[in-house]
file start-v4.txt (compact mmCIF, C-alpha atoms)
# COMPACT_ATOMS: atom_id res chain seq x y z
CA MET A 1 0.00 0.00 0.00
CA ASP A 2 1.42 3.39 -0.96
CA ASN A 3 -0.61 6.59 -0.49
CA GLU A 4 -0.31 9.95 1.25
CA TYR A 5 -1.96 8.76 4.46
CA ILE A 6 0.44 5.84 4.87
CA ALA A 7 3.49 7.96 4.05
CA GLN A 8 2.45 10.66 6.50
CA ALA A 9 1.56 8.09 9.16
CA ARG A 10 4.97 6.49 8.87
CA GLU A 11 6.71 9.83 9.24
CA ALA A 12 4.58 10.73 12.26
CA TYR A 13 5.32 7.36 13.85
CA LYS A 14 9.06 7.74 13.34
CA ALA A 15 8.78 11.18 14.93
CA ARG A 16 6.98 9.49 17.86
CA ASP A 17 3.84 11.49 17.20
CA PHE A 18 1.66 8.46 17.80
CA GLN A 19 -1.63 10.33 18.03
CA THR A 20 -1.15 11.77 14.55
CA ALA A 21 0.05 8.44 13.18
CA LEU A 22 -3.01 6.73 14.65
CA ALA A 23 -5.37 9.30 13.12
CA LEU A 24 -3.76 8.90 9.69
CA PHE A 25 -3.85 5.11 9.79
CA ASN A 26 -7.50 5.26 10.83
CA GLN A 27 -8.20 7.70 7.98
CA CYS A 28 -6.64 5.26 5.54
CA LEU A 29 -8.74 2.48 7.05
CA THR A 30 -12.07 4.29 6.83
CA ASP A 31 -11.65 6.26 3.58
CA PRO A 32 -13.81 4.42 1.00
CA SER A 33 -11.86 5.97 -1.86
CA ILE A 34 -8.72 4.06 -0.88
CA GLN A 35 -8.74 0.57 -2.34
CA LYS A 36 -7.25 -2.08 -0.08
CA GLY A 37 -5.57 -5.05 -1.66
CA PRO A 38 -5.02 -8.49 -0.11
CA GLY A 39 -3.28 -8.20 3.22
CA GLU A 40 -3.43 -4.41 3.42
CA LEU A 41 -6.20 -4.34 6.02
CA GLY A 42 -4.02 -6.54 8.20
CA TYR A 43 -1.11 -4.14 7.71
CA ILE A 44 -3.17 -1.09 8.70
CA TYR A 45 -4.59 -2.78 11.79
CA HIS A 46 -1.07 -3.86 12.68
CA GLN A 47 0.16 -0.28 12.61
CA ILE A 48 -2.89 0.92 14.56
CA GLY A 49 -2.07 -1.68 17.18
CA ASN A 50 1.53 -0.41 17.32
CA CYS A 51 0.30 3.14 17.93
CA PHE A 52 -1.98 2.01 20.75
CA LEU A 53 0.84 -0.03 22.26
CA GLN A 54 3.13 3.00 22.27
CA MET A 55 0.35 5.04 23.85
CA LYS A 56 -0.09 2.34 26.51
CA ASP A 57 -3.71 1.69 25.54
CA PHE A 58 -3.26 -2.08 25.70
CA GLY A 59 -6.93 -3.04 25.40
CA GLU A 60 -7.26 -1.16 22.11
CA ALA A 61 -3.92 -2.56 20.97
CA ILE A 62 -5.21 -6.10 21.55
CA HIS A 63 -8.37 -5.29 19.56
CA ALA A 64 -6.36 -3.90 16.64
CA TYR A 65 -3.86 -6.76 16.56
CA THR A 66 -6.72 -9.27 16.69
CA GLN A 67 -8.22 -7.57 13.64
CA ALA A 68 -4.84 -7.86 11.93
CA THR A 69 -4.67 -11.59 12.60
CA ALA A 70 -8.12 -11.99 11.03
CA ASP A 71 -6.70 -10.92 7.65
CA THR A 72 -5.32 -14.25 6.41
CA ALA A 73 -3.68 -12.55 3.44
CA TYR A 74 -1.43 -10.47 5.71
CA ASP A 75 1.94 -12.16 5.77
CA ALA A 76 3.19 -11.11 9.20
CA CYS A 77 1.66 -13.67 11.56
CA GLY A 78 4.71 -13.90 13.80
CA ALA A 79 5.20 -10.15 14.18
CA VAL A 80 1.53 -9.43 14.92
CA ASN A 81 1.21 -12.21 17.46
CA CYS A 82 4.41 -11.16 19.19
CA ASN A 83 3.03 -7.65 19.68
CA LEU A 84 -0.37 -9.02 20.66
CA ALA A 85 1.32 -11.17 23.30
CA LYS A 86 3.18 -8.14 24.64
CA ALA A 87 -0.09 -6.24 25.03
CA TYR A 88 -1.52 -9.15 27.03
CA ALA A 89 1.64 -9.23 29.15
CA PHE A 90 1.22 -5.54 30.01
CA LEU A 91 -2.22 -6.42 31.34
CA HIS A 92 -0.70 -9.29 33.38
CA ASP A 93 -2.65 -11.84 31.31
CA TYR A 94 0.34 -14.14 31.03
CA GLU A 95 -1.62 -17.19 29.88
CA ASN A 96 -2.79 -15.39 26.73
CA ALA A 97 0.64 -13.84 26.36
CA VAL A 98 2.24 -17.30 26.30
CA SER A 99 -0.28 -18.55 23.73
CA HIS A 100 0.45 -15.73 21.29
CA PHE A 101 4.21 -15.78 21.81
CA GLU A 102 4.06 -19.49 20.92
CA ILE A 103 2.13 -18.68 17.73
CA ALA A 104 4.78 -16.08 16.88
CA VAL A 105 7.72 -18.47 17.24
CA SER A 106 5.91 -21.09 15.14
CA ASP A 107 5.80 -18.73 12.13
CA ALA A 108 8.64 -19.87 9.90
CA LYS A 109 8.53 -16.56 8.01
CA TYR A 110 9.09 -14.48 11.13
CA ASP A 111 12.65 -13.21 10.86
CA ALA A 112 13.13 -12.25 14.53
CA PRO A 113 11.79 -15.15 16.61
CA TYR A 114 14.21 -14.34 19.43
CA LYS A 115 11.99 -11.38 20.31
CA ALA A 116 9.01 -13.66 20.83
CA TYR A 117 11.16 -16.21 22.67
CA LEU A 118 12.34 -13.48 25.04
CA GLY A 119 8.78 -12.44 25.80
CA LEU A 120 7.73 -16.07 26.11
CA GLY A 121 10.45 -16.73 28.66
CA ASN A 122 9.42 -13.77 30.78
CA ALA A 123 5.73 -14.70 30.67
CA LEU A 124 6.58 -18.25 31.72
CA LEU A 125 8.67 -16.90 34.59
CA LYS A 126 5.64 -14.90 35.72
CA LEU A 127 3.66 -18.14 35.71
CA GLY A 128 6.33 -19.86 37.80
CA LYS A 129 7.35 -22.19 34.96
CA ASN A 130 11.08 -21.77 35.29
CA ALA A 131 12.16 -24.83 33.28
CA GLU A 132 9.92 -23.89 30.36
CA ALA A 133 11.22 -20.32 30.59
CA GLY A 134 14.76 -21.66 30.39
CA VAL A 135 13.89 -23.50 27.19
CA ALA A 136 12.56 -20.27 25.69
CA PHE A 137 15.53 -18.18 26.82
CA ARG A 138 17.92 -20.66 25.29
CA GLU A 139 16.11 -20.40 21.98
CA ALA A 140 16.63 -16.65 22.08
CA ALA A 141 20.32 -17.06 22.87
CA LEU A 142 20.81 -19.51 20.00
CA ASP A 143 18.92 -17.44 17.41
CA THR A 144 21.51 -16.25 14.90
CA ASN A 145 19.44 -13.11 14.27
CA ASN A 146 19.69 -12.08 17.93
CA PRO A 147 22.12 -9.16 17.98
CA ASP A 148 22.54 -9.34 21.76
CA PRO A 149 22.36 -12.85 23.28
CA THR A 150 23.81 -11.66 26.58
CA LYS A 151 20.49 -10.82 28.21
CA ALA A 152 19.12 -14.16 27.07
CA LEU A 153 22.04 -15.95 28.70
CA LEU A 154 21.69 -13.83 31.83
CA ASN A 155 18.05 -14.82 32.23
CA LEU A 156 18.92 -18.38 31.40
CA GLY A 157 21.23 -18.36 34.39
CA VAL A 158 18.40 -16.92 36.47
CA CYS A 159 16.26 -19.91 35.49
CA PHE A 160 18.98 -22.36 36.45
CA MET A 161 19.40 -20.70 39.83
CA ALA A 162 15.64 -20.89 40.38
CA LEU A 163 15.83 -24.59 39.52
CA ASP A 164 18.64 -25.10 42.05
CA ARG A 165 21.17 -25.88 39.31
CA PRO A 166 23.95 -23.37 40.06
CA ALA A 167 26.61 -25.25 38.08
CA ASP A 168 24.58 -24.80 34.91
CA ALA A 169 24.04 -21.16 35.85
CA VAL A 170 27.82 -20.71 36.08
CA GLN A 171 28.25 -22.02 32.56
CA SER A 172 25.49 -19.78 31.25
CA TYR A 173 26.93 -16.64 32.87
CA GLU A 174 30.47 -17.43 31.75
CA SER A 175 29.27 -17.98 28.19
CA ALA A 176 27.50 -14.62 28.23
CA LEU A 177 30.63 -12.84 29.43
CA GLN A 178 32.36 -13.71 26.15
CA PHE A 179 30.14 -11.17 24.38
CA ASP A 180 30.32 -7.39 24.39
CA MET A 181 27.79 -5.73 26.68
CA ASP A 182 27.22 -2.47 28.47
CA PRO A 183 28.99 -2.01 31.82
CA ALA A 184 25.79 -2.23 33.90
CA THR A 185 24.83 -5.56 32.36
CA ARG A 186 28.36 -6.89 32.75
CA ASN A 187 28.44 -5.93 36.43
CA LYS A 188 25.08 -7.63 37.00
CA MET A 189 26.39 -10.70 35.18
CA TYR A 190 29.49 -10.89 37.39
CA ALA A 191 27.39 -10.46 40.54
CA ASN A 192 25.07 -13.28 39.50
CA LEU A 193 28.09 -15.40 38.58
CA GLY A 194 29.50 -14.78 42.05
CA GLN A 195 26.32 -16.03 43.68
CA ALA A 196 26.26 -19.08 41.45
CA TYR A 197 29.87 -19.89 42.46
CA VAL A 198 28.94 -19.54 46.14
CA ALA A 199 26.08 -21.99 45.60
CA CYS A 200 28.67 -24.36 44.09
CA ASN A 201 30.98 -23.80 47.09
CA GLN A 202 33.65 -22.31 44.81
CA MET A 203 34.55 -19.39 47.06
CA GLN A 204 37.72 -18.09 45.39
CA GLN A 205 35.99 -17.94 42.01
CA ALA A 206 33.04 -16.26 43.71
CA MET A 207 35.34 -13.57 45.16
CA ASN A 208 36.89 -12.95 41.74
CA ALA A 209 33.43 -12.52 40.20
CA PHE A 210 32.13 -10.20 42.95
CA GLU A 211 35.27 -8.04 42.75
CA ALA A 212 34.85 -7.79 38.97
CA ALA A 213 31.26 -6.62 39.51
CA LEU A 214 32.40 -3.91 41.95
CA ALA A 215 35.59 -2.88 40.15
CA ASP A 216 34.27 0.28 38.47
CA LYS A 217 32.53 1.41 41.70
CA THR A 218 29.19 1.97 39.91
CA TYR A 219 27.44 -1.24 40.88
CA PHE A 220 25.96 -2.07 44.27
CA LEU A 221 25.27 -5.62 45.34
CA SER A 222 21.77 -6.62 46.40
CA ASP A 223 21.22 -7.72 50.00
CA SER A 224 21.43 -11.42 49.20
CA ALA A 225 24.46 -10.89 46.96
CA SER A 226 26.14 -8.96 49.79
CA VAL A 227 25.54 -11.91 52.11
CA ASP A 228 27.09 -14.30 49.59
CA TYR A 229 30.01 -11.90 49.08
CA GLY A 230 30.61 -11.95 52.84
CA ARG A 231 30.50 -15.73 52.95
CA ALA A 232 33.01 -15.99 50.12
CA ALA A 233 35.30 -13.40 51.68
CA GLN A 234 35.27 -15.17 55.04
CA ALA A 235 35.98 -18.54 53.43
CA VAL A 236 38.92 -17.12 51.48
CA ALA A 237 40.29 -15.21 54.50
CA THR A 238 40.16 -18.27 56.76
CA GLY A 239 41.60 -20.57 54.15
CA THR A 240 38.48 -22.68 53.92
CA ALA A 241 37.58 -21.74 50.36
CA ALA A 242 36.70 -24.98 48.63
CA MET A 243 38.39 -25.68 45.34
CA GLN A 244 36.32 -28.67 44.38
CA PRO A 245 35.31 -29.37 40.79
CA ILE A 246 31.84 -28.19 39.88
CA VAL A 247 29.48 -31.11 39.51
CA VAL A 248 26.41 -30.68 37.35
CA PRO A 249 23.64 -32.59 39.15
CA GLU A 250 20.86 -34.38 37.42
CA PRO A 251 17.78 -32.11 37.40
CA GLU A 252 14.81 -32.89 39.60
CA ASN A 253 11.61 -34.01 37.96
CA ASP A 254 9.74 -31.01 39.32
CA MET A 255 11.18 -27.96 37.59
CA SER A 256 8.49 -25.45 38.52
CA GLY A 257 8.33 -23.02 41.35
CA LEU A 258 10.60 -20.22 42.47
CA ASP A 259 9.83 -16.94 40.72
CA VAL A 260 12.81 -14.87 41.77
CA ALA A 261 15.91 -13.48 40.15
CA ALA A 262 19.29 -15.07 40.77
CA ASP A 263 20.14 -12.53 43.43
CA GLY A 264 17.00 -13.39 45.36
CA ALA A 265 15.14 -10.20 44.49
CA PRO A 266 11.64 -10.44 42.99
CA LEU A 267 11.54 -10.09 39.21
CA PRO A 268 11.04 -6.32 38.83
CA GLN A 269 8.03 -5.12 36.89
CA ASP A 270 9.82 -2.41 34.97
CA GLU A 271 12.60 -4.73 33.90
CA TYR A 272 10.50 -7.57 32.60
CA TYR A 273 7.09 -6.16 31.83
CA GLY A 274 7.47 -2.46 32.45
CA TYR A 275 6.52 0.04 29.78
CA ASP A 276 10.05 0.81 28.70
CA SER A 277 11.06 -2.71 27.69
CA TYR A 278 7.99 -3.29 25.56
CA ALA A 279 6.91 0.12 24.34
CA ALA A 280 10.40 0.99 23.18
CA ASP A 281 10.08 -1.51 20.37
CA PRO A 282 6.61 -2.47 19.22
CA GLN A 283 7.73 -2.56 15.58
CA TYR A 284 7.64 -6.32 15.01
CA TYR A 285 6.50 -6.35 11.43
CA PRO A 286 8.61 -6.97 8.29
CA ALA A 287 9.77 -3.37 8.10
CA ASP A 288 11.79 -3.73 4.92
CA ALA A 289 8.65 -4.82 3.09
CA TYR A 290 7.19 -1.37 3.66
CA GLY A 291 10.19 0.75 2.94
CA TYR A 292 11.58 1.77 6.32
CA ASP A 293 13.51 0.34 9.22
CA ALA A 294 12.16 -0.09 12.71
CA PRO A 295 14.41 0.33 15.76
CA ASP A 296 14.85 -2.68 17.95
CA SER A 297 15.52 -2.16 21.63
CA TYR A 298 13.41 -5.02 22.94
CA ALA A 299 15.48 -7.00 25.39
CA SER A 300 13.47 -8.80 27.99
CA GLY A 301 14.46 -12.40 28.37
CA ASP A 302 16.41 -15.48 27.55
CA GLU A 303 14.99 -18.64 26.20
CA ARG A 304 16.34 -21.90 24.97
CA PHE A 305 18.60 -23.93 27.11
CA PHE A 306 17.32 -27.47 26.94
CA ASN A 307 16.99 -28.40 23.27
CA ALA A 308 20.15 -27.49 21.38
CA SER A 309 22.63 -29.77 19.69
CA ASP A 310 26.19 -30.20 20.91
CA GLU A 311 27.37 -28.17 17.91
CA GLU A 312 25.13 -25.25 18.87
CA LEU A 313 26.24 -25.47 22.49
CA GLU A 314 29.88 -25.40 21.51
CA ARG A 315 29.29 -22.46 19.20
CA TYR A 316 27.22 -20.31 21.52
CA SER A 317 28.22 -21.49 24.94
CA LYS A 318 31.36 -23.15 26.17
CA GLY A 319 32.97 -23.18 22.75
CA LEU A 320 33.11 -19.41 22.91
CA ALA A 321 34.58 -19.48 26.37
CA ARG A 322 36.75 -22.58 26.41
CA GLN A 323 37.17 -24.74 23.32
CA ASP A 324 38.40 -27.66 25.34
CA ARG A 325 35.22 -27.98 27.46
CA LYS A 326 31.97 -29.31 26.12
CA ARG A 327 28.68 -28.68 27.73
CA ARG A 328 26.52 -31.51 28.94
CA ASN A 329 23.08 -31.27 27.46
CA VAL A 330 21.27 -32.85 30.41
CA GLY A 331 17.88 -31.41 29.54
CA LEU A 332 17.84 -32.84 26.04
CA LYS A 333 18.71 -36.27 27.38
CA ILE A 334 15.81 -36.05 29.80
CA LEU A 335 13.40 -35.00 27.07
CA VAL A 336 14.57 -37.81 24.79
CA PHE A 337 14.27 -40.29 27.64
CA ILE A 338 10.75 -39.16 28.50
CA PHE A 339 9.73 -39.21 24.84
CA THR A 340 11.13 -42.73 24.48
CA LEU A 341 9.19 -43.87 27.54
CA LEU A 342 6.02 -42.39 26.11
CA LEU A 343 6.59 -44.19 22.82
CA ILE A 344 7.18 -47.48 24.61
CA ALA A 345 4.08 -46.97 26.75
CA ALA A 346 2.00 -46.13 23.68
CA ALA A 347 3.28 -49.20 21.85
CA GLY A 348 2.48 -51.35 24.88
CA CYS A 349 -1.05 -49.97 25.07
CA VAL A 350 -1.62 -50.68 21.39
CA PHE A 351 -0.34 -54.24 21.80
CA LEU A 352 -2.57 -54.90 24.80
CA TYR A 353 -5.54 -53.46 22.94
CA THR A 354 -5.01 -55.86 20.04
CA GLN A 355 -4.81 -58.74 22.52
CA GLY A 356 -8.25 -57.96 23.88
CA TRP A 357 -7.29 -56.06 27.01
CA GLY A 358 -9.40 -53.13 28.07
CA TYR A 359 -11.03 -51.31 30.93
CA PRO A 360 -13.41 -52.29 32.32
CA THR A 361 -12.25 -55.85 31.66
CA GLN A 362 -14.46 -58.65 30.36
CA GLU A 363 -14.42 -60.32 33.78
CA SER A 364 -15.52 -57.16 35.65
CA VAL A 365 -18.36 -56.57 33.18
CA ALA A 366 -19.55 -60.15 33.65
CA ARG A 367 -19.43 -59.87 37.45
CA SER A 368 -21.33 -56.57 37.34
CA LEU A 369 -23.98 -58.04 35.06
CA PHE A 370 -24.68 -61.02 37.34
CA SER A 371 -24.62 -58.82 40.45
CA ASP A 372 -27.22 -56.45 39.04
CA THR A 373 -29.46 -58.42 36.68
CA GLN A 374 -32.34 -55.96 37.22
CA ASN A 375 -30.35 -53.23 35.45
CA ALA A 376 -28.76 -55.42 32.80
CA SER A 377 -29.32 -52.89 30.01
CA GLN A 378 -26.43 -50.73 31.19
CA TYR A 379 -24.01 -53.58 30.51
CA PHE A 380 -25.33 -54.38 27.02
CA VAL A 381 -24.18 -52.72 23.82
CA GLU A 382 -26.64 -50.08 22.59
CA SER A 383 -27.46 -51.98 19.38
CA VAL A 384 -29.22 -54.68 21.41
CA GLY A 385 -32.79 -53.56 22.00
CA GLN A 386 -34.53 -53.70 25.37
CA ASP A 387 -36.83 -56.52 24.28
CA ASN A 388 -33.85 -58.65 23.28
CA ILE A 389 -32.12 -57.83 26.57
CA ASP A 390 -35.20 -58.87 28.55
CA ALA A 391 -35.42 -62.11 26.59
CA ALA A 392 -31.70 -62.86 27.04
CA MET A 393 -31.81 -62.20 30.78
CA ARG A 394 -34.99 -64.16 31.41
CA GLY A 395 -34.06 -66.97 33.78
CA VAL A 396 -30.50 -65.76 34.35
CA VAL A 397 -29.45 -66.43 37.95
CA GLN A 398 -28.38 -63.41 40.00
CA ASP A 399 -25.13 -64.19 41.75
CA GLY A 400 -22.74 -61.61 43.18
CA ASN A 401 -19.94 -64.17 43.39
CA ILE A 402 -19.79 -65.93 40.03
CA THR A 403 -16.86 -68.08 38.96
CA ILE A 404 -15.02 -67.12 35.77
CA ASP A 405 -14.30 -70.38 33.95
CA GLY A 406 -12.48 -68.89 31.01
CA VAL A 407 -12.14 -65.93 28.63
CA ASP A 408 -11.48 -66.05 24.90
CA LYS A 409 -10.08 -62.64 23.89
CA SER A 410 -9.49 -60.86 20.61
CA MET A 411 -9.18 -57.20 19.68
CA SER A 412 -12.89 -56.58 18.99
CA ASN A 413 -14.75 -59.64 20.32
CA SER A 414 -14.52 -61.75 23.45
CA THR A 415 -16.36 -64.67 25.03
CA VAL A 416 -16.59 -65.17 28.79
CA TYR A 417 -17.61 -68.50 30.39
CA VAL A 418 -19.01 -68.21 33.92
CA SER A 419 -20.65 -70.38 36.55
CA ALA A 420 -23.40 -68.98 38.79
CA LYS A 421 -24.99 -70.60 41.84
CA THR A 422 -28.74 -70.82 42.26
CA GLU A 423 -30.47 -70.25 45.60
CA GLU A 424 -30.68 -74.02 46.00
CA GLY A 425 -26.91 -74.32 45.59
CA GLY A 426 -26.81 -75.69 42.07
CA ASP A 427 -24.42 -74.46 39.36
CA VAL A 428 -25.55 -72.94 36.05
CA ASP A 429 -23.03 -72.30 33.28
CA TYR A 430 -23.34 -69.35 30.92
CA ARG A 431 -21.62 -68.07 27.83
CA ILE A 432 -21.42 -64.26 27.52
CA ASP A 433 -20.53 -62.69 24.16
CA MET A 434 -18.93 -59.25 24.31
CA VAL A 435 -17.85 -56.58 21.83
CA ARG A 436 -15.39 -53.74 22.16
CA ASP A 437 -16.78 -50.44 23.52
CA LEU A 438 -14.00 -47.85 23.08
CA ILE A 439 -11.36 -49.21 25.48
CA GLY A 440 -13.81 -51.35 27.44
CA TRP A 441 -16.37 -54.07 26.74
CA LYS A 442 -20.14 -54.41 26.51
CA VAL A 443 -22.33 -57.52 26.41
CA SER A 444 -23.82 -58.43 23.04
CA GLY A 445 -25.47 -61.70 24.10
CA ILE A 446 -25.82 -64.25 26.92
CA GLU A 447 -27.00 -67.87 26.93
CA MET A 448 -26.73 -70.97 29.00
CA SER A 449 -23.68 -73.02 28.20
CA PHE A 450 -22.96 -76.73 28.39
CA PRO A 451 -19.55 -78.33 28.69
CA SER A 452 -19.92 -80.00 25.30
CA ASN A 453 -20.32 -76.58 23.68
CA GLN A 454 -17.28 -74.99 25.29
call {"tool": "encode", "arguments": {"input": "start-v4.txt", "output": "C-alpha cells"}}
result
Amino acid sequence: MDNEYIAQAREAYKARDFQTALALFNQCLTDPSIQKGPGELGYIYHQIGNCFLQMKDFGEAIHAYTQATADTAYDACGAVNCNLAKAYAFLHDYENAVSHFEIAVSDAKYDAPYKAYLGLGNALLKLGKNAEAGVAFREAALDTNNPDPTKALLNLGVCFMALDRPADAVQSYESALQFDMDPATRNKMYANLGQAYVACNQMQQAMNAFEAALADKTYFLSDSASVDYGRAAQAVATGTAAMQPIVVPEPENDMSGLDVAADGAPLPQDEYYGYDSYAADPQYYPADAYGYDAPDSYASGDERFFNASDEELERYSKGLARQDRKRRNVGLKILVFIFTLLLIAAAGCVFLYTQGWGYPTQESVARSLFSDTQNASQYFVESVGQDNIDAAMRGVVQDGNITIDGVDKSMSNSTVYVSAKTEEGGDVDYRIDMVRDLIGWKVSGIEMSFPSNQ
C-alpha cells in the first residue's frame, strides 16, 4: 500500500507522534476511496495496534492486533502475534501472552523469533514455569538473528538458579561474558556469577566474580548478593575456600516453582514487563517490506537452554569461552528419555488393545452383570434392543460371586464362560458374548452353556 496517508503516518510514527500516526492510519482504514488489496487491512490494523501499544492503551492494541490476525492474506503472523502477546503481558494476562508468543515463534517466516522467545520466557517466569522459561531463553540465545544474546544468557542463568542448578548457571553466565555488553549488564552478570559460584561452594571464584562486579565502583550488590560476598570473603580469609570441581547434578523431575531473580530479588516489573522494555520496540512487522527500518531495543528475556545440539552449544556457549570444554546437554537427554518412555508406553497400550485387554475388563463386566441383573441394560451394547435384553436375561441367575471359567479374547470380540450358583446351591453355566466399547467391553449376548459346547 502506498498513499499519502500511509506515508504521512509512517513519518509521524518515526517522529513518535503516535496520536497523529493513529489518526492517519484510521483515515486510511475508513476512507472508501482508498482501495485495499489483499493483506493491506491486516497491515493497517497492525500499525494501529503499534500506535496504541506506544500510547499504553493495551486493550485497544489487543483489539487492533486481533483484527490484523483476522486478515489471512497479511503475511506477518509472527510479528503481529508477538506484539499481541506483549499487550496481554502488560495487562498481566500471562496465559494469553504465552499462547500468542508461541504462535509467533511457530511462524517460519518471522525473521526475529528471538523477540518472541524473550517475551515467552518472561511470561513463563511470571507463571512460575522456570524450566519452560529456560527453554525459551535458550532459543533466544541460540537465534543467529539475535544481535545481543547476553540478556538471554543472563536470564537463562536466572532460570537455572531458580531450579537449584547453580553449576549450569555458572556455565550460562560465563558464556554470556564472552560477548560485548554495556557495563551495567556486565556488572550484573558478574554479581550473579559470584552467587552461582557460592552456591557451588567455589569461594575463590566467587570472590573474583564479585570483585569484577564492583571494580568500576558503579554497581551495588543486592542484600542477598552482599551476604554471599561476605561468605566468600570469610571462606577465602580463613583458608576454607573450597576448590572442588563443579558437579552438574541431574535435574529434579519437578522444575516449577521459584519466581525470583538469581540474586533473590523479585523479578522487577519495569525490567520484565514495564513500559520501557515493551513500548520501546513495538515494531515487530517486516519493516523492509514497507520501505523503512524499525528500531529494535526489545530486550526482555532469555529462552532456549534445553533443546540445542552439541554443535550449537559449543558455538554459543562453552565453545566461545573454552574450546576444550563441552557442555553436557542434560535437559535434552531427559526429554529424549521421557519421549522414548512415552513411545514405549503407547506401543504397549496398542499391543494390549489388540490382545483384547481393556477397561473395564471382560471379567468385571460379567461380574457386574450377574450382580445387578435388574439393570442389565447398562451392561449391554446399545445396538441390542430392550426386548432382546429382557429375553436374554430371562431366567439368568443373579449371583454376586460368580466363577469365571475362562475368557477367549481378541481385539474386537470376546467370550466369557461363567458359573453362577442358584439359591438351592446348584451351578448354572453361561456363555457371555462381548464386543469392544471404546477401550472397554459391553455384552452383546448371553446364553446358558454346556460343557460340550465350550
call {"tool": "atom_distance", "arguments": {"input": "start-v4.txt", "atom1": "CA of Val198 in chain A", "atom2": "CA of Thr185 in chain A"}}
result
20.1 Å
call {"tool": "residues_near_point", "arguments": {"input": "start-v4.txt", "point": "(-31.8, -67.7, 45.3)", "cutoff": "12 Å", "atoms": "only C-alpha atoms", "output": "PDB file with C-alpha atoms, keeping the file's coordinate frame"}}
result
ATOM      1  CA  GLY A 395     -34.060 -66.970  33.780  1.00  0.00           C
ATOM      2  CA  VAL A 396     -30.500 -65.760  34.350  1.00  0.00           C
ATOM      3  CA  VAL A 397     -29.450 -66.430  37.950  1.00  0.00           C
ATOM      4  CA  GLN A 398     -28.380 -63.410  40.000  1.00  0.00           C
ATOM      5  CA  ASP A 399     -25.130 -64.190  41.750  1.00  0.00           C
ATOM      6  CA  GLY A 400     -22.740 -61.610  43.180  1.00  0.00           C
ATOM      7  CA  ALA A 420     -23.400 -68.980  38.790  1.00  0.00           C
ATOM      8  CA  LYS A 421     -24.990 -70.600  41.840  1.00  0.00           C
ATOM      9  CA  THR A 422     -28.740 -70.820  42.260  1.00  0.00           C
ATOM     10  CA  GLU A 423     -30.470 -70.250  45.600  1.00  0.00           C
ATOM     11  CA  GLU A 424     -30.680 -74.020  46.000  1.00  0.00           C
ATOM     12  CA  GLY A 425     -26.910 -74.320  45.590  1.00  0.00           C
ATOM     13  CA  GLY A 426     -26.810 -75.690  42.070  1.00  0.00           C
ATOM     14  CA  ASP A 427     -24.420 -74.460  39.360  1.00  0.00           C
TER      15      ASP A 427
END
call {"tool": "residues_around", "arguments": {"input": "start-v4.txt", "residues": "Ser444 in chain A", "least_positions_apart": "3", "cutoff": "9 Å", "atoms": "all atoms listed in the file", "output": "PyMOL selection string"}}
result
chain A and resi 379-384+432-435
call {"tool": "atom_distance", "arguments": {"input": "start-v4.txt", "atom1": "CA of Leu214 in chain A", "atom2": "CA of Asn187 in chain A"}}
result
7.1 Å
call {"tool": "axis_aligned_box", "arguments": {"input": "start-v4.txt", "around": "range 358-371 of chain A", "padding_each_side": "3 Å", "output": "AutoDock Vina command-line options"}}
result
--center_x -17.0 --center_y -56.2 --center_z 34.3 --size_x 21.3 --size_y 15.7 --size_z 18.4
call {"tool": "residues_near_point", "arguments": {"input": "start-v4.txt", "point": "(-6.4, -11.0, 1.5)", "cutoff": "10 Å", "atoms": "all atoms listed in the file", "output": "list in words"}}
result
Lys36, Gly37, Pro38, Gly39, Glu40, Leu41, Gly42, Ala70, Asp71, Thr72, Ala73, Tyr74 and Asp75 of chain A
call {"tool": "atom_distance", "arguments": {"input": "start-v4.txt", "atom1": "CA of Ala152 in chain A", "atom2": "CA of Ala61 in chain A"}}
result
26.5 Å
call {"tool": "residues_around", "arguments": {"input": "start-v4.txt", "residues": "range 351-358 of chain A", "least_positions_apart": "2", "cutoff": "12 Å", "atoms": "only C-alpha atoms", "output": "PDB file with C-alpha atoms, keeping the file's coordinate frame"}}
result
ATOM      1  CA  ILE A 344       7.180 -47.480  24.610  1.00  0.00           C
ATOM      2  CA  ALA A 345       4.080 -46.970  26.750  1.00  0.00           C
ATOM      3  CA  ALA A 346       2.000 -46.130  23.680  1.00  0.00           C
ATOM      4  CA  ALA A 347       3.280 -49.200  21.850  1.00  0.00           C
ATOM      5  CA  GLY A 348       2.480 -51.350  24.880  1.00  0.00           C
ATOM      6  CA  CYS A 349      -1.050 -49.970  25.070  1.00  0.00           C
ATOM      7  CA  PRO A 360     -13.410 -52.290  32.320  1.00  0.00           C
ATOM      8  CA  THR A 361     -12.250 -55.850  31.660  1.00  0.00           C
ATOM      9  CA  GLN A 362     -14.460 -58.650  30.360  1.00  0.00           C
ATOM     10  CA  GLU A 363     -14.420 -60.320  33.780  1.00  0.00           C
ATOM     11  CA  SER A 364     -15.520 -57.160  35.650  1.00  0.00           C
ATOM     12  CA  VAL A 365     -18.360 -56.570  33.180  1.00  0.00           C
ATOM     13  CA  VAL A 407     -12.140 -65.930  28.630  1.00  0.00           C
ATOM     14  CA  ASP A 408     -11.480 -66.050  24.900  1.00  0.00           C
ATOM     15  CA  LYS A 409     -10.080 -62.640  23.890  1.00  0.00           C
ATOM     16  CA  SER A 410      -9.490 -60.860  20.610  1.00  0.00           C
ATOM     17  CA  MET A 411      -9.180 -57.200  19.680  1.00  0.00           C
ATOM     18  CA  SER A 412     -12.890 -56.580  18.990  1.00  0.00           C
ATOM     19  CA  ASN A 413     -14.750 -59.640  20.320  1.00  0.00           C
ATOM     20  CA  SER A 414     -14.520 -61.750  23.450  1.00  0.00           C
ATOM     21  CA  THR A 415     -16.360 -64.670  25.030  1.00  0.00           C
ATOM     22  CA  MET A 434     -18.930 -59.250  24.310  1.00  0.00           C
ATOM     23  CA  VAL A 435     -17.850 -56.580  21.830  1.00  0.00           C
ATOM     24  CA  ARG A 436     -15.390 -53.740  22.160  1.00  0.00           C
ATOM     25  CA  ASP A 437     -16.780 -50.440  23.520  1.00  0.00           C
ATOM     26  CA  LEU A 438     -14.000 -47.850  23.080  1.00  0.00           C
ATOM     27  CA  ILE A 439     -11.360 -49.210  25.480  1.00  0.00           C
ATOM     28  CA  GLY A 440     -13.810 -51.350  27.440  1.00  0.00           C
ATOM     29  CA  TRP A 441     -16.370 -54.070  26.740  1.00  0.00           C
ATOM     30  CA  LYS A 442     -20.140 -54.410  26.510  1.00  0.00           C
TER      31      LYS A 442
END
